[in-house]
>>> print(open('structure-v2.txt').read())   # compact mmCIF, C-alpha atoms
# COMPACT_ATOMS: atom_id res chain seq x y z
CA MET A 1 94.53 132.39 138.60
CA ALA A 2 93.48 128.99 137.27
CA ALA A 3 96.60 127.16 138.46
CA LYS A 4 96.08 128.34 142.03
CA ARG A 5 92.43 127.28 142.03
CA LEU A 6 93.36 123.87 140.60
CA LEU A 7 95.93 123.46 143.37
CA ASP A 8 93.36 124.48 145.99
CA VAL A 9 90.74 121.99 144.82
CA THR A 10 93.20 119.13 144.33
CA VAL A 11 95.02 119.50 147.65
CA ALA A 12 91.92 120.36 149.70
CA SER A 13 90.07 117.32 148.32
CA GLY A 14 92.99 115.04 149.09
CA LEU A 15 93.49 116.43 152.59
CA LEU A 16 89.79 116.15 153.40
CA LEU A 17 89.78 112.55 152.23
CA LEU A 18 92.89 111.63 154.20
CA GLY A 19 91.99 113.77 157.19
CA SER A 20 88.34 112.76 157.51
CA PRO A 21 89.08 110.09 160.19
CA VAL A 22 91.01 112.69 162.22
CA ILE A 23 88.20 115.23 161.87
CA ALA A 24 85.61 112.61 162.83
CA ILE A 25 87.52 111.51 165.96
CA ALA A 26 88.20 115.11 166.98
CA ALA A 27 84.54 116.04 166.45
CA LEU A 28 83.47 113.10 168.60
CA LEU A 29 85.82 114.16 171.41
CA VAL A 30 84.50 117.73 171.27
CA TRP A 31 80.90 116.46 171.41
CA MET A 32 81.68 114.11 174.32
CA HIS A 33 82.99 117.04 176.36
CA ASP A 34 79.67 118.87 176.59
CA GLY A 35 77.20 117.24 174.23
CA ARG A 36 77.12 120.30 171.95
CA HIS A 37 77.67 120.53 168.19
CA PRO A 38 81.42 120.14 167.47
CA ILE A 39 81.51 122.47 164.46
CA TYR A 40 81.88 126.18 165.13
CA ARG A 41 80.73 128.67 162.50
CA GLN A 42 81.72 132.30 162.45
CA VAL A 43 81.18 135.10 159.95
CA ARG A 44 84.44 136.22 158.38
CA VAL A 45 85.13 138.72 155.61
CA GLY A 46 86.36 137.31 152.31
CA ARG A 47 87.58 138.63 148.98
CA ASP A 48 86.11 141.98 147.96
CA GLY A 49 84.63 142.35 151.44
CA ILE A 50 82.04 139.59 150.94
CA PRO A 51 81.16 137.82 154.23
CA PHE A 52 81.04 134.04 154.53
CA GLN A 53 80.66 131.34 157.18
CA LEU A 54 84.01 129.93 158.29
CA PHE A 55 84.05 126.38 159.69
CA LYS A 56 86.23 125.20 162.57
CA LEU A 57 86.16 122.44 165.14
CA ARG A 58 84.95 124.04 168.36
CA SER A 59 87.78 124.51 170.88
CA MET A 60 85.87 126.46 173.52
CA SER A 61 83.13 125.44 175.90
CA ALA A 62 79.71 126.06 174.38
CA ALA A 63 78.41 126.92 177.85
CA ALA A 64 81.06 129.57 178.51
CA PRO A 65 79.89 133.21 178.58
CA GLY A 66 80.45 135.17 175.41
CA SER A 67 83.32 137.57 174.95
CA THR A 68 83.78 140.75 172.95
CA SER A 69 87.43 139.87 172.38
CA ASP A 70 88.47 138.61 168.95
CA THR A 71 91.94 137.50 170.07
CA THR A 72 92.42 134.47 172.32
CA GLY A 73 95.41 133.75 174.52
CA HIS A 74 96.44 130.15 175.14
CA ASN A 75 95.39 130.55 178.79
CA ASP A 76 91.82 131.64 178.04
CA PRO A 77 89.58 129.74 180.53
CA ARG A 78 86.99 129.13 177.81
CA ILE A 79 89.34 126.75 175.97
CA THR A 80 88.55 123.12 176.78
CA PRO A 81 91.27 120.48 177.37
CA VAL A 82 90.37 118.90 174.02
CA GLY A 83 90.28 122.33 172.40
CA ALA A 84 93.79 123.12 173.64
CA VAL A 85 95.14 120.07 171.81
CA LEU A 86 93.16 120.88 168.67
CA ARG A 87 94.52 124.43 168.66
CA LYS A 88 98.12 123.38 169.26
CA THR A 89 98.03 120.82 166.44
CA LYS A 90 95.87 123.05 164.18
CA ILE A 91 93.40 120.19 163.77
CA ASP A 92 90.63 122.69 164.58
CA GLU A 93 91.40 124.40 161.25
CA LEU A 94 90.84 121.30 159.07
CA PRO A 95 87.12 121.99 158.39
CA GLN A 96 88.20 125.14 156.55
CA LEU A 97 89.22 122.87 153.70
CA TRP A 98 85.48 122.76 152.98
CA ASN A 99 85.56 126.56 152.68
CA VAL A 100 88.37 126.08 150.15
CA LEU A 101 86.30 123.67 148.06
CA ARG A 102 83.37 126.09 148.16
CA GLY A 103 85.62 128.81 146.72
CA GLU A 104 85.33 131.09 149.76
CA MET A 105 88.92 130.51 150.77
CA SER A 106 92.22 129.39 149.31
CA LEU A 107 94.82 127.11 150.85
CA VAL A 108 97.14 130.11 151.07
CA GLY A 109 96.18 133.73 151.52
CA PRO A 110 95.76 136.40 154.21
CA ARG A 111 93.76 134.99 157.11
CA PRO A 112 90.10 136.09 157.06
CA GLN A 113 89.07 138.43 159.86
CA VAL A 114 85.76 139.05 161.63
CA PRO A 115 83.76 142.08 160.39
CA ARG A 116 84.57 144.27 163.40
CA GLU A 117 88.29 143.73 162.84
CA VAL A 118 88.01 144.54 159.12
CA ALA A 119 86.11 147.70 160.06
CA LEU A 120 89.34 148.89 161.73
CA TYR A 121 91.46 148.36 158.61
CA THR A 122 93.29 151.35 157.23
CA ASP A 123 92.84 152.15 153.55
CA VAL A 124 96.14 150.40 152.91
CA GLU A 125 95.11 147.26 154.79
CA ARG A 126 91.94 146.98 152.74
CA GLY A 127 94.25 145.73 149.99
CA LEU A 128 94.18 142.43 151.90
CA LEU A 129 90.64 141.93 150.59
CA ALA A 130 91.83 141.83 146.97
CA VAL A 131 92.55 138.09 147.17
CA ARG A 132 90.82 135.04 148.62
CA PRO A 133 91.65 134.57 152.31
CA GLY A 134 93.60 131.45 153.16
CA VAL A 135 93.84 128.60 155.62
CA THR A 136 97.47 129.59 156.12
CA ASP A 137 99.91 132.28 154.98
CA TYR A 138 103.23 133.88 155.86
CA ALA A 139 101.79 135.44 159.02
CA SER A 140 100.23 132.17 160.20
CA ILE A 141 103.78 130.80 160.39
CA VAL A 142 105.53 133.91 161.70
CA TYR A 143 102.92 134.38 164.45
CA SER A 144 102.05 130.73 165.04
CA ASP A 145 102.56 131.45 168.76
CA LEU A 146 99.88 134.16 168.83
CA GLY A 147 98.26 132.58 171.89
CA ASP A 148 101.52 133.01 173.79
CA ILE A 149 102.09 136.56 172.53
CA VAL A 150 98.79 137.87 173.95
CA ALA A 151 98.48 135.48 176.93
CA THR A 152 99.57 137.99 179.59
CA ALA A 153 98.07 141.10 177.98
CA ALA A 154 95.42 143.05 179.86
CA ASP A 155 93.60 143.50 176.54
CA PRO A 156 94.44 140.75 174.00
CA ASP A 157 92.86 142.71 171.13
CA ILE A 158 95.02 145.78 171.75
CA ALA A 159 98.10 143.59 172.15
CA TYR A 160 97.28 141.95 168.83
CA SER A 161 96.79 145.32 167.12
CA GLN A 162 100.07 146.68 168.48
CA LEU A 163 102.37 143.65 168.26
CA VAL A 164 101.01 141.33 165.56
CA ARG A 165 98.69 143.19 163.21
CA PRO A 166 101.39 145.55 161.78
CA GLY A 167 103.64 142.72 160.62
CA LYS A 168 100.78 140.40 159.75
CA SER A 169 99.18 143.01 157.48
CA ARG A 170 102.50 143.79 155.78
CA LEU A 171 103.08 140.10 155.10
CA GLY A 172 99.55 139.69 153.78
CA LEU A 173 99.86 142.71 151.51
CA PHE A 174 103.12 141.37 150.10
CA TYR A 175 101.43 138.05 149.34
CA ALA A 176 98.45 139.77 147.71
CA ALA A 177 100.82 141.74 145.48
CA LYS A 178 102.95 138.73 144.47
CA PRO A 179 100.83 135.54 144.44
CA SER A 180 102.69 132.44 143.33
CA VAL A 181 101.78 128.76 143.17
CA VAL A 182 105.39 127.87 143.95
CA ALA A 183 105.31 130.13 147.00
CA ASP A 184 101.98 128.53 148.00
CA LEU A 185 103.58 125.08 148.03
CA ALA A 186 106.48 126.39 150.11
CA ILE A 187 104.12 128.08 152.57
CA VAL A 188 102.12 124.88 153.03
CA ALA A 189 105.35 122.98 153.75
CA LEU A 190 106.55 125.66 156.18
CA THR A 191 103.18 125.61 157.94
CA ALA A 192 103.72 121.93 158.68
CA ALA A 193 107.27 122.71 159.83
CA ALA A 194 105.95 125.37 162.22
CA LEU A 195 104.06 122.68 164.13
CA ILE A 196 107.40 121.06 164.91
CA HIS A 197 109.75 124.04 165.33
CA GLY A 198 108.49 127.59 164.96
CA PRO A 199 111.86 129.38 164.76
CA VAL A 200 113.06 127.13 161.93
CA ALA A 201 109.84 127.73 160.02
CA ARG A 202 110.18 131.50 160.51
CA ARG A 203 113.68 131.40 159.10
CA GLY A 204 112.25 129.54 156.12
CA VAL A 205 109.66 132.27 155.58
CA ALA A 206 112.35 134.93 155.81
CA ALA A 207 114.44 133.11 153.20
CA LEU A 208 111.41 132.71 150.91
CA LEU A 209 110.55 136.39 151.17
CA LYS A 210 114.15 137.33 150.39
CA LEU A 211 114.06 135.14 147.26
CA GLN A 212 110.89 136.94 146.17
CA GLY A 213 112.51 140.34 146.49
CA ALA A 214 110.88 141.53 149.71
CA GLU A 215 112.43 144.59 151.32
CA PRO A 216 114.90 143.83 154.14
CA SER A 217 112.61 145.23 156.84
CA LEU A 218 109.88 142.74 155.91
CA VAL A 219 112.38 139.89 155.92
CA GLU A 220 113.30 140.96 159.46
CA VAL A 221 109.64 140.97 160.44
CA ALA A 222 109.38 137.35 159.29
CA ALA A 223 112.59 136.26 161.03
CA ARG A 224 111.46 137.77 164.37
CA ARG A 225 114.97 138.01 165.74
CA LYS A 226 113.96 140.93 167.97
CA LYS A 227 111.33 141.25 170.69
CA LEU A 228 107.95 142.37 169.36
CA THR A 229 107.27 146.04 170.08
CA PRO A 230 104.18 148.22 169.44
CA THR A 231 104.11 149.52 165.85
CA PRO A 232 101.48 151.34 163.75
CA PRO A 233 99.68 149.15 161.19
CA PRO A 234 100.29 149.84 157.48
CA GLY A 235 98.67 153.12 156.48
CA ALA A 236 98.48 154.50 160.03
CA ASP A 237 100.70 157.11 161.64
CA ALA A 238 100.07 156.08 165.25
CA ILE A 239 100.11 152.93 167.35
CA VAL A 240 96.63 151.54 167.94
CA THR A 241 95.42 152.23 171.49
CA SER A 242 91.68 151.75 171.05
CA ARG A 243 89.33 149.41 169.23
CA GLU A 244 87.05 152.33 168.49
CA ALA A 245 89.43 154.77 166.88
CA GLN A 246 92.78 154.89 165.14
CA THR A 247 94.68 157.37 163.05
CA ALA A 248 94.93 156.23 159.45
CA LYS A 249 95.93 157.68 156.12
>>> encode(input="structure-v2.txt", output="structure tokens")
Amino acid sequence: MAAKRLLDVTVASGLLLLGSPVIAIAALLVWMHDGRHPIYRQVRVGRDGIPFQLFKLRSMSAAAPGSTSDTTGHNDPRITPVGAVLRKTKIDELPQLWNVLRGEMSLVGPRPQVPREVALYTDVERGLLAVRPGVTDYASIVYSDLGDIVATAADPDIAYSQLVRPGKSRLGLFYAAKPSVVADLAIVALTAAALIHGPVARRGVAALLKLQGAEPSLVEVAARRKKLTPTPPPGADAIVTSREAQTAK
């Protein structure tokens, strides 16, 4: 989609130019904390299952022991004081604009996952790999409080798979099936709104989905008027209880 790629390159270039002082200051603060490189690279899975290196400003202590968890609560002790601010303001995500310019990501699209998370996808969820992953999307707004959602969970990854992944995958699949430059512009605006007031931004996503003809149950997922409860991911007939096995169709 040429118009989408043109939008990506134009907006990403402008944001990198305008945001470069912010990135530079943030990088300096991260480096001053422990003297380690401020840019964090991680392998993520892109369109058609092709892996790439995703760039972020490092928000965790480089000296902290590693973890097998892919989901991080806001109270994770590895998060530095500077990192907590970067995460809350989403400044840590700004280096991904370089991934956009390189063509590995788009401004808007399903968020790219690590390989071990993609390995757990159902056949239905693999439809998320049909489009370029994005810096933001419907789910980034609807679950902008992910760190709070999993903060008290005994296993953040299982909590993510039970409470967030089902709705997140459904939202991503809807986007992949109905890409729109107009919707992209609205999603970018709602992403900014989510930094100020999450519930208002979620209502905006729900209204946008309704305008695009989404089924009522998906609109309700976006609105999040009810408490999150464990649900099977798309294509599965059981709630996920293990990172090693799941029932999928």
>>> closest_atom_pairs(input="structure-v2.txt", of="stretch 94-147 of chain A", to="stretch 38-43 of chain A", cutoff="9 Å", atoms="only C-alpha atoms", output="CSV")
residue,atom,partner,partner_atom,distance
A:Pro95,CA,A:Ile39,CA,8.3
A:Gln113,CA,A:Val43,CA,8.6
A:Val114,CA,A:Val43,CA,6.3
A:Pro115,CA,A:Val43,CA,7.5
>>> atom_distance(input="structure-v2.txt", atom1="atom CA of A:Val22", atom2="atom CA of A:Leu146")
24.2 Å
>>> atom_distance(input="structure-v2.txt", atom1="atom CA of A:Ile239", atom2="atom CA of A:Arg111")
21.6 Å
>>> closest_atom_pairs(input="structure-v2.txt", of="stretch 32-117 of chain A", to="stretch 196-200 of chain A", cutoff="12 Å", atoms="only C-alpha atoms", output="JSON lines")
{"residue": "A:Lys88", "atom": "CA", "partner": "A:Ile196", "partner_atom": "CA", "distance": 10.5}
{"residue": "A:Thr89", "atom": "CA", "partner": "A:Ile196", "partner_atom": "CA", "distance": 9.5}
{"residue": "A:Lys90", "atom": "CA", "partner": "A:Ile196", "partner_atom": "CA", "distance": 11.7}
>>> atom_distance(input="structure-v2.txt", atom1="atom CA of A:Arg126", atom2="atom CA of A:Ser169")
9.5 Å
>>> closest_residue(input="structure-v2.txt", among="A:Asp184, A:Asp148, A:Glu125, A:Asp92", to="A:Gly109", atoms="all atoms listed in the file")
A:Asp184
>>> residues_around(input="structure-v2.txt", residues="A:Leu57", least_positions_apart="6", cutoff="12 Å", atoms="only C-alpha atoms", output="mmCIF file with C-alpha atoms, in the coordinates of the input")
data_model
loop_
_atom_site.group_PDB
_atom_site.id
_atom_site.type_symbol
_atom_site.label_atom_id
_atom_site.label_comp_id
_atom_site.auth_asym_id
_atom_site.auth_seq_id
_atom_site.Cartn_x
_atom_site.Cartn_y
_atom_site.Cartn_z
ATOM 1 C CA VAL A 22 91.010 112.690 162.220
ATOM 2 C CA ILE A 23 88.200 115.230 161.870
ATOM 3 C CA ALA A 24 85.610 112.610 162.830
ATOM 4 C CA ILE A 25 87.520 111.510 165.960
ATOM 5 C CA ALA A 26 88.200 115.110 166.980
ATOM 6 C CA ALA A 27 84.540 116.040 166.450
ATOM 7 C CA LEU A 28 83.470 113.100 168.600
ATOM 8 C CA LEU A 29 85.820 114.160 171.410
ATOM 9 C CA VAL A 30 84.500 117.730 171.270
ATOM 10 C CA TRP A 31 80.900 116.460 171.410
ATOM 11 C CA ARG A 36 77.120 120.300 171.950
ATOM 12 C CA HIS A 37 77.670 120.530 168.190
ATOM 13 C CA PRO A 38 81.420 120.140 167.470
ATOM 14 C CA ILE A 39 81.510 122.470 164.460
ATOM 15 C CA TYR A 40 81.880 126.180 165.130
ATOM 16 C CA ARG A 41 80.730 128.670 162.500
ATOM 17 C CA GLN A 42 81.720 132.300 162.450
ATOM 18 C CA THR A 80 88.550 123.120 176.780
ATOM 19 C CA VAL A 82 90.370 118.900 174.020
ATOM 20 C CA GLY A 83 90.280 122.330 172.400
ATOM 21 C CA ALA A 84 93.790 123.120 173.640
ATOM 22 C CA VAL A 85 95.140 120.070 171.810
ATOM 23 C CA LEU A 86 93.160 120.880 168.670
ATOM 24 C CA ARG A 87 94.520 124.430 168.660
ATOM 25 C CA LYS A 90 95.870 123.050 164.180
ATOM 26 C CA ILE A 91 93.400 120.190 163.770
ATOM 27 C CA ASP A 92 90.630 122.690 164.580
ATOM 28 C CA GLU A 93 91.400 124.400 161.250
ATOM 29 C CA LEU A 94 90.840 121.300 159.070
ATOM 30 C CA PRO A 95 87.120 121.990 158.390
ATOM 31 C CA GLN A 96 88.200 125.140 156.550
ATOM 32 C CA LEU A 97 89.220 122.870 153.700
#
>>> closest_residue(input="structure-v2.txt", among="A:Gly147, A:Ser59, A:Leu211, A:Gln162", to="A:Val182", atoms="all atoms listed in the file")
A:Leu211
>>> closest_residue(input="structure-v2.txt", among="A:Gly35, A:Gly235, A:Gly49, A:Gly204", to="A:Val188", atoms="all atoms listed in the file")
A:Gly204
>>> closest_residue(input="structure-v2.txt", among="A:Ser180, A:Gln212, A:Asn75, A:Ser242", to="A:Leu7", atoms="all atoms listed in the file")
A:Ser180
>>> residues_around(input="structure-v2.txt", residues="A:Arg165", least_positions_apart="5", cutoff="9 Å", atoms="only C-alpha atoms", output="list in words")
Ala159, Tyr160, Arg170, Thr231, Pro232, Pro233 and Pro234 of chain A
>>> write_last_selection(input="structure-v2.txt", atoms="C-alpha atoms", output="tab-separated table (two decimals), keeping the file's coordinate frame")
chain	number	residue	atom	x	y	z
A	159	ALA	CA	98.10	143.59	172.15
A	160	TYR	CA	97.28	141.95	168.83
A	170	ARG	CA	102.50	143.79	155.78
A	231	THR	CA	104.11	149.52	165.85
A	232	PRO	CA	101.48	151.34	163.75
A	233	PRO	CA	99.68	149.15	161.19
A	234	PRO	CA	100.29	149.84	157.48
>>> closest_atom_pairs(input="structure-v2.txt", of="stretch 86-170 of chain A", to="stretch 214-227 of chain A", cutoff="8 Å", atoms="all atoms listed in the file", output="Markdown table")
| residue | atom | partner | partner_atom | distance |
| --- | --- | --- | --- | --- |
| A:Tyr138 | CA | A:Ala222 | CA | 7.9 |
| A:Ala139 | CA | A:Ala222 | CA | 7.8 |
| A:Val142 | CA | A:Ala222 | CA | 5.7 |
| A:Gly167 | CA | A:Val221 | CA | 6.3 |
| A:Arg170 | CA | A:Leu218 | CA | 7.5 |
>>> residues_near_point(input="structure-v2.txt", point="(97.2, 153.7, 157.1)", cutoff="7 Å", atoms="all atoms listed in the file", output="count of residues only")
10
>>> closest_residue(input="structure-v2.txt", among="A:Arg78, A:Arg202, A:Arg132, A:Lys210", to="A:Glu104", atoms="all atoms listed in the file")
A:Arg132
>>> closest_residue(input="structure-v2.txt", among="A:Arg203, A:Lys56, A:Lys168, A:His33", to="A:Val135", atoms="all atoms listed in the file")
A:Lys56
>>> build_atoms(input="structure-v2.txt", residues="stretch 216-243 of chain A", atoms="N, CA and C atoms", output="mmCIF file, keeping the file's coordinate frame")
data_model
loop_
_atom_site.group_PDB
_atom_site.id
_atom_site.type_symbol
_atom_site.label_atom_id
_atom_site.label_comp_id
_atom_site.auth_asym_id
_atom_site.auth_seq_id
_atom_site.Cartn_x
_atom_site.Cartn_y
_atom_site.Cartn_z
ATOM 1 N N PRO A 216 114.229 144.386 152.959
ATOM 2 C CA PRO A 216 114.900 143.830 154.140
ATOM 3 C C PRO A 216 114.099 143.956 155.434
ATOM 4 N N SER A 217 113.381 145.056 155.606
ATOM 5 C CA SER A 217 112.610 145.230 156.840
ATOM 6 C C SER A 217 111.512 144.190 156.980
ATOM 7 N N LEU A 218 110.924 143.768 155.855
ATOM 8 C CA LEU A 218 109.880 142.740 155.910
ATOM 9 C C LEU A 218 110.495 141.375 156.179
ATOM 10 N N VAL A 219 111.669 141.132 155.638
ATOM 11 C CA VAL A 219 112.380 139.890 155.920
ATOM 12 C C VAL A 219 112.675 139.790 157.421
ATOM 13 N N GLU A 220 113.038 140.931 158.016
ATOM 14 C CA GLU A 220 113.300 140.960 159.460
ATOM 15 C C GLU A 220 112.032 140.706 160.255
ATOM 16 N N VAL A 221 110.920 141.227 159.787
ATOM 17 C CA VAL A 221 109.640 140.970 160.440
ATOM 18 C C VAL A 221 109.380 139.468 160.484
ATOM 19 N N ALA A 222 109.628 138.789 159.367
ATOM 20 C CA ALA A 222 109.380 137.350 159.290
ATOM 21 C C ALA A 222 110.338 136.563 160.178
ATOM 22 N N ALA A 223 111.584 136.988 160.246
ATOM 23 C CA ALA A 223 112.590 136.260 161.030
ATOM 24 C C ALA A 223 112.347 136.385 162.529
ATOM 25 N N ARG A 224 111.768 137.511 162.959
ATOM 26 C CA ARG A 224 111.460 137.770 164.370
ATOM 27 C C ARG A 224 112.658 137.532 165.283
ATOM 28 N N ARG A 225 113.769 138.150 164.913
ATOM 29 C CA ARG A 225 114.970 138.010 165.740
ATOM 30 C C ARG A 225 114.918 138.938 166.954
ATOM 31 N N LYS A 226 114.056 139.964 166.884
ATOM 32 C CA LYS A 226 113.960 140.930 167.970
ATOM 33 C C LYS A 226 112.620 140.775 168.689
ATOM 34 N N LYS A 227 112.567 141.276 169.914
ATOM 35 C CA LYS A 227 111.330 141.250 170.690
ATOM 36 C C LYS A 227 110.272 142.102 169.994
ATOM 37 N N LEU A 228 109.037 141.614 169.970
ATOM 38 C CA LEU A 228 107.950 142.370 169.360
ATOM 39 C C LEU A 228 107.679 143.644 170.154
ATOM 40 N N THR A 229 107.555 144.751 169.447
ATOM 41 C CA THR A 229 107.270 146.040 170.080
ATOM 42 C C THR A 229 106.096 146.697 169.364
ATOM 43 N N PRO A 230 105.323 147.550 170.064
ATOM 44 C CA PRO A 230 104.180 148.220 169.440
ATOM 45 C C PRO A 230 104.590 149.034 168.215
ATOM 46 N N THR A 231 103.844 148.859 167.130
ATOM 47 C CA THR A 231 104.110 149.520 165.850
ATOM 48 C C THR A 231 102.786 149.888 165.203
ATOM 49 N N PRO A 232 102.720 151.003 164.471
ATOM 50 C CA PRO A 232 101.480 151.340 163.750
ATOM 51 C C PRO A 232 101.231 150.336 162.625
ATOM 52 N N PRO A 233 99.982 150.024 162.331
ATOM 53 C CA PRO A 233 99.680 149.150 161.190
ATOM 54 C C PRO A 233 99.930 149.889 159.887
ATOM 55 N N PRO A 234 100.072 149.184 158.772
ATOM 56 C CA PRO A 234 100.290 149.840 157.480
ATOM 57 C C PRO A 234 99.197 150.866 157.176
ATOM 58 N N GLY A 235 99.628 152.072 156.806
ATOM 59 C CA GLY A 235 98.670 153.120 156.480
ATOM 60 C C GLY A 235 98.283 153.988 157.644
ATOM 61 N N ALA A 236 98.783 153.690 158.841
ATOM 62 C CA ALA A 236 98.480 154.500 160.030
ATOM 63 C C ALA A 236 99.734 155.223 160.483
ATOM 64 N N ASP A 237 99.544 156.359 161.152
ATOM 65 C CA ASP A 237 100.700 157.110 161.640
ATOM 66 C C ASP A 237 100.815 157.053 163.160
ATOM 67 N N ALA A 238 100.005 156.196 163.789
ATOM 68 C CA ALA A 238 100.070 156.080 165.250
ATOM 69 C C ALA A 238 99.798 154.638 165.659
ATOM 70 N N ILE A 239 100.350 154.258 166.799
ATOM 71 C CA ILE A 239 100.110 152.930 167.350
ATOM 72 C C ILE A 239 98.656 152.853 167.810
ATOM 73 N N VAL A 240 98.025 151.726 167.549
ATOM 74 C CA VAL A 240 96.630 151.540 167.940
ATOM 75 C C VAL A 240 96.521 151.449 169.458
ATOM 76 N N THR A 241 95.648 152.261 170.037
ATOM 77 C CA THR A 241 95.420 152.230 171.490
ATOM 78 C C THR A 241 93.955 151.993 171.831
ATOM 79 N N SER A 242 93.098 151.921 170.819
ATOM 80 C CA SER A 242 91.680 151.750 171.050
ATOM 81 C C SER A 242 91.060 150.937 169.914
ATOM 82 N N ARG A 243 90.058 150.158 170.247
ATOM 83 C CA ARG A 243 89.330 149.410 169.230
ATOM 84 C C ARG A 243 88.291 150.266 168.542
#
